[in-house]
Structures are given as structure tokens and as C-alpha cells.
Amino acid sequence: MKILSSSRTLFFCGFILLVITNIIVLAGVYSNRSGDPDAILILTERELPLLYLHRKENSGLALQIAWRSTSKDMNYYDQGNPGWLNADKLRELGFNLDDTYNRSNAGSTYREVLPKEVYIVLEYDGLFYKTAVRLAEEALTKQEILLKEHSGDKKFQNTFKSAKKRLQQERINKSRLFAVDAGLDPRLLRKKYTDRSRFIITTGVVRATSYYNKKKEIIGYITKLSVATLHVPLDQRKIFDSILVHRASQRNTILPPRYEVKLAYGSRLEPWIVSVRPLQPDQVKAH
């Protein structure tokens with residue numbers, strides 16, 4: 001009888017814990033979505049690609065927030081090491097770098113500096129993205145000239161094809177969402193980035209490290225966004241069914257966006273899907 005009573009007690013405690021957890025989660029969702037949203041953006045598959053989650057017991061569908069950053073010379077993308085996230089910016093974000101800056105083992109020391117959660121600013125279809133397109137165009141023009149000078153050389157033929165593909169990707173399916181700034185006070189960031197249809201302010205994790213490029217430099221990395229995926233509500237799932245059917249065969253194809261998402265960020269700077277609509281081929285040019 002004691003064993004039975006103990007099992008019932010454990011079951012009851014587990015049930016109560018589950019209920020309390022759900023209440024806390026739902027309260028957080030309600031709090032985030034109450035009042036006016038901090039930002040509302042119209043994004044596409046380029047910025048919110050499908051992330052299919054499969055489990056033995058269950059399957060779910062989510063969208064992943066695809067953001068990008070640029071290197072110091074604006075030539076490298078799709079990395080979490082923005083050129084603007086330098087030592088001065090890291091200090092502004094609260095990293096204490098002074099004690100270890102002049103040590104000979106700075107590289108290993110900085111790896112031990114704990115990461116911090118800060119506020120990240122993401123810009124949609126702004127200067128960083130336009131620069132990415134321009135640099136891809138310039139790279140292709142340069143490779144066209146070299147290919148004419150070395151028309152029979154396979155090396156230049158392959159380089160030209162790569163440059164052409166890079167430009168196609170930038171114009172058609174690469175994300176236009178770039179990390180452009182970070183701070184500790186979201187209100188100050190919102191005063192600086194006022195357009196709520198272009199700038200997202202959310203939380204993310206930053207870490208500091210060092211590297212040698214002629215001289216020792218301290219740099220920062222955005223390792224992740226605190227909320228990086230979005231659950232697709234059941235009533236919106238039908239829109240994605242045909243995409244999922246053809247997903248495997250289209251994996252290596254440069255496709256234009258096939259859907260558009262109205263995305264909102266609430267008072268807690270957490271996102272949710274407001275609505276989704278399919279894009280027809282004649283609508284793609286505008287997206």
C-alpha cells in the first residue's frame with residue numbers, strides 16, 4: 001500500500017508541476033503578445049526557411065530565422081562574427097577585456113570569458129544586404145573579364161560559375177536579414193532604429209575571442225539568437241504541404257521564395273507568426 005501511495009504522490013506532484021509550467025509558459029506568451037507589437041515585418045522563405053522536425057512519436061513544423069552578418073571588409077557573409085563587433089563594442093556590452101588584453105596567452109584566456117545575452121538589432125533589406133548584392137555583381141564582372149582572357153582554362157570557368165551562382169543566390173534566395181548592432185538597453189536601440197517594419201530588436205548570445213591578423217585582435221561572435229525557430233500553427237500548416245512533398249528533389253536548386261510571413265515581435269521581444277500566405281511566380285519579383 002505504501003508503494004501505491006508513493007506512486008500516486010509522485011504522479012500528482014508531476015501533474016501539478018506540468019500544470020504550473022504550462023501556466024507560466026502561457027502567461028509569458030500572453031504577456032509578450034499583449035499591447036502593441038515592438039515590430040511587425042513581412043518576410044519570406046528567404047528569411048524564414050522551413051525547418052522540419054521529426055520524432056518517432058510526433059512531428060512538427062517550424063520556421064528558422066535565417067540571419068546573416070558581415071566581416072570587417074564586407075566581403076564575407078553568413079557568419080556570426082560581424083565586423084562591427086570589435087573590442088570596443090564588446091566592452092560596451094559589458095565584457096571585461098582589459099585584465100587579459102596584454103597577456104601572451106590571450107587567445108586561450110578569451111575563450112574562458114563567459115558569453116553574455118544582449119540585445120541584437122537585425123535589419124531587413126537594408127544597406128548590408130544591398131552591399132552584398134553589389135559586391136557579388138562586382139565579383140562576377142571581374143570573373144567575366146578574366147574568363148575572356150583565359151577562355152580555355154577550366155579554373156577560370158569554374159570560378160566564373162561560382163561567382164554567377166553567388167549573385168543568383170544573393171538576388172533570389174539568400175536572407176536579407178542582417179545583424180547590424182547590439183546593446184544592453186532595448187529602449188535606446190529602438191530610439192536609434194525607429195522603423196519597426198525594418199528593424200528587429202531581440203535577444204542573442206555574444207562571446208569574445210581573439211585571433212592574429214598581423215597583430216592580435218579581440219573580436220566578438222553572435223553565437224545564436226535566443227529565439228531562433230518559430231512553431232507553425234496547425235491552421236497554417238496546409239500552405240507548406242506541397243513544399244514538403246518536393247523538398248528533397250529541390251534541395252540543391254536556387255528557388256525564389258514560395259511563401260510570405262507576417263512576423264511580429266512582442267513586448268518581451270519574442271516573435272510569433274501572425275499569418276502566412278503562398279507566393280505565386282508573378283509575385284516573386286517584389287520579394
# chains A, B, ... in the order shown; residues from 1 in each chain; ligands from 1

call {"tool": "closest_atom_pairs", "arguments": {"of": "stretch 123-228 of chain A", "to": "stretch 62-74 of chain A", "cutoff": "9 Å", "atoms": "only C-alpha atoms", "output": "Markdown table"}}
result
| residue | atom | partner | partner_atom | distance |
| --- | --- | --- | --- | --- |
| A:Phe128 | CA | A:Thr70 | CA | 7.7 |
| A:Thr131 | CA | A:Met74 | CA | 7.8 |
| A:Ala132 | CA | A:Met74 | CA | 7.7 |
| A:Leu135 | CA | A:Met74 | CA | 8.5 |
| A:Lys174 | CA | A:Ala66 | CA | 8.8 |
| A:Ser175 | CA | A:Ala66 | CA | 6.2 |
| A:Arg176 | CA | A:Trp67 | CA | 7.5 |
| A:Leu177 | CA | A:Trp67 | CA | 5.0 |
| A:Phe178 | CA | A:Arg68 | CA | 4.7 |
| A:Ala179 | CA | A:Ser69 | CA | 5.4 |
| A:Val180 | CA | A:Ser69 | CA | 7.5 |
| A:Leu225 | CA | A:Ile65 | CA | 8.7 |
| A:Val227 | CA | A:Ile65 | CA | 8.5 |
| A:Ala228 | CA | A:Ile65 | CA | 5.4 |

call {"tool": "select_by_dssp", "arguments": {"residues": "stretch 62-213 of chain A", "states": "strand (DSSP E)", "output": "ChimeraX atom specification"}}
result
/A:62-64,116-124,177-183,199-213

call {"tool": "closest_residue", "arguments": {"among": "A:Tyr124, A:Asp235, A:Ser226, A:Val245", "to": "A:Ile40", "atoms": "only C-alpha atoms"}}
result
A:Tyr124

call {"tool": "closest_residue", "arguments": {"among": "A:Pro271, A:Pro186, A:Pro115, A:Pro257", "to": "A:Leu90", "atoms": "only C-alpha atoms"}}
result
A:Pro115

call {"tool": "atom_distance", "arguments": {"atom1": "atom CA of A:Arg207", "atom2": "atom CA of A:Ile219"}}
result
8.6 Å

call {"tool": "residues_around", "arguments": {"residues": "stretch 164-172 of chain A", "least_positions_apart": "3", "cutoff": "8 Å", "atoms": "only C-alpha atoms", "output": "PyMOL selection string"}}
result
chain A and resi 132-133+136-137+140+160-161+175+254-257

call {"tool": "atom_distance", "arguments": {"atom1": "atom CA of A:Ile239", "atom2": "atom CA of A:Ser275"}}
result
10.8 Å

call {"tool": "residues_around", "arguments": {"residues": "A:Phe199", "least_positions_apart": "6", "cutoff": "12 Å", "atoms": "only C-alpha atoms", "output": "ChimeraX atom specification"}}
result
/A:38-43,120-126,176-181,186,189-193,263-265,269

call {"tool": "closest_atom_pairs", "arguments": {"of": "stretch 181-251 of chain A", "to": "stretch 80-88 of chain A", "cutoff": "6 Å", "atoms": "only C-alpha atoms", "output": "CSV"}}
result
residue,atom,partner,partner_atom,distance
A:Ile218,CA,A:Ala87,CA,5.3
A:Ile219,CA,A:Asn86,CA,4.8
A:Gly220,CA,A:Leu85,CA,5.2
A:Tyr221,CA,A:Asn81,CA,4.5
A:Ile222,CA,A:Gly80,CA,4.8

call {"tool": "write_last_selection", "arguments": {"atoms": "N, CA and C atoms", "output": "mmCIF file, in the first residue's frame"}}
result
data_model
loop_
_atom_site.group_PDB
_atom_site.id
_atom_site.type_symbol
_atom_site.label_atom_id
_atom_site.label_comp_id
_atom_site.auth_asym_id
_atom_site.auth_seq_id
_atom_site.Cartn_x
_atom_site.Cartn_y
_atom_site.Cartn_z
ATOM 1 N N ILE A 218 40.932 41.450 -30.747
ATOM 2 C CA ILE A 218 39.830 40.867 -29.989
ATOM 3 C C ILE A 218 38.559 41.047 -30.806
ATOM 4 N N ILE A 219 37.808 39.986 -30.991
ATOM 5 C CA ILE A 219 36.584 40.045 -31.785
ATOM 6 C C ILE A 219 35.448 39.360 -31.034
ATOM 7 N N GLY A 220 34.239 39.668 -31.450
ATOM 8 C CA GLY A 220 33.074 39.054 -30.840
ATOM 9 C C GLY A 220 32.296 38.219 -31.836
ATOM 10 N N TYR A 221 31.602 37.226 -31.330
ATOM 11 C CA TYR A 221 30.742 36.365 -32.143
ATOM 12 C C TYR A 221 29.326 36.389 -31.587
ATOM 13 N N ILE A 222 28.369 36.458 -32.489
ATOM 14 C CA ILE A 222 26.986 36.210 -32.098
ATOM 15 C C ILE A 222 26.765 34.716 -32.290
#

call {"tool": "residues_around", "arguments": {"residues": "A:Asn158", "least_positions_apart": "4", "cutoff": "12 Å", "atoms": "only C-alpha atoms", "output": "VMD selection string"}}
result
chain A and resid 140 143 to 144 146 to 147 150 to 154 162 to 165

call {"tool": "atom_distance", "arguments": {"atom1": "atom CA of A:Glu270", "atom2": "atom CA of A:Leu114"}}
result
23.6 Å

call {"tool": "closest_residue", "arguments": {"among": "A:Arg277, A:Lys116, A:Arg196, A:His231", "to": "A:Val261", "atoms": "only C-alpha atoms"}}
result
A:Arg277
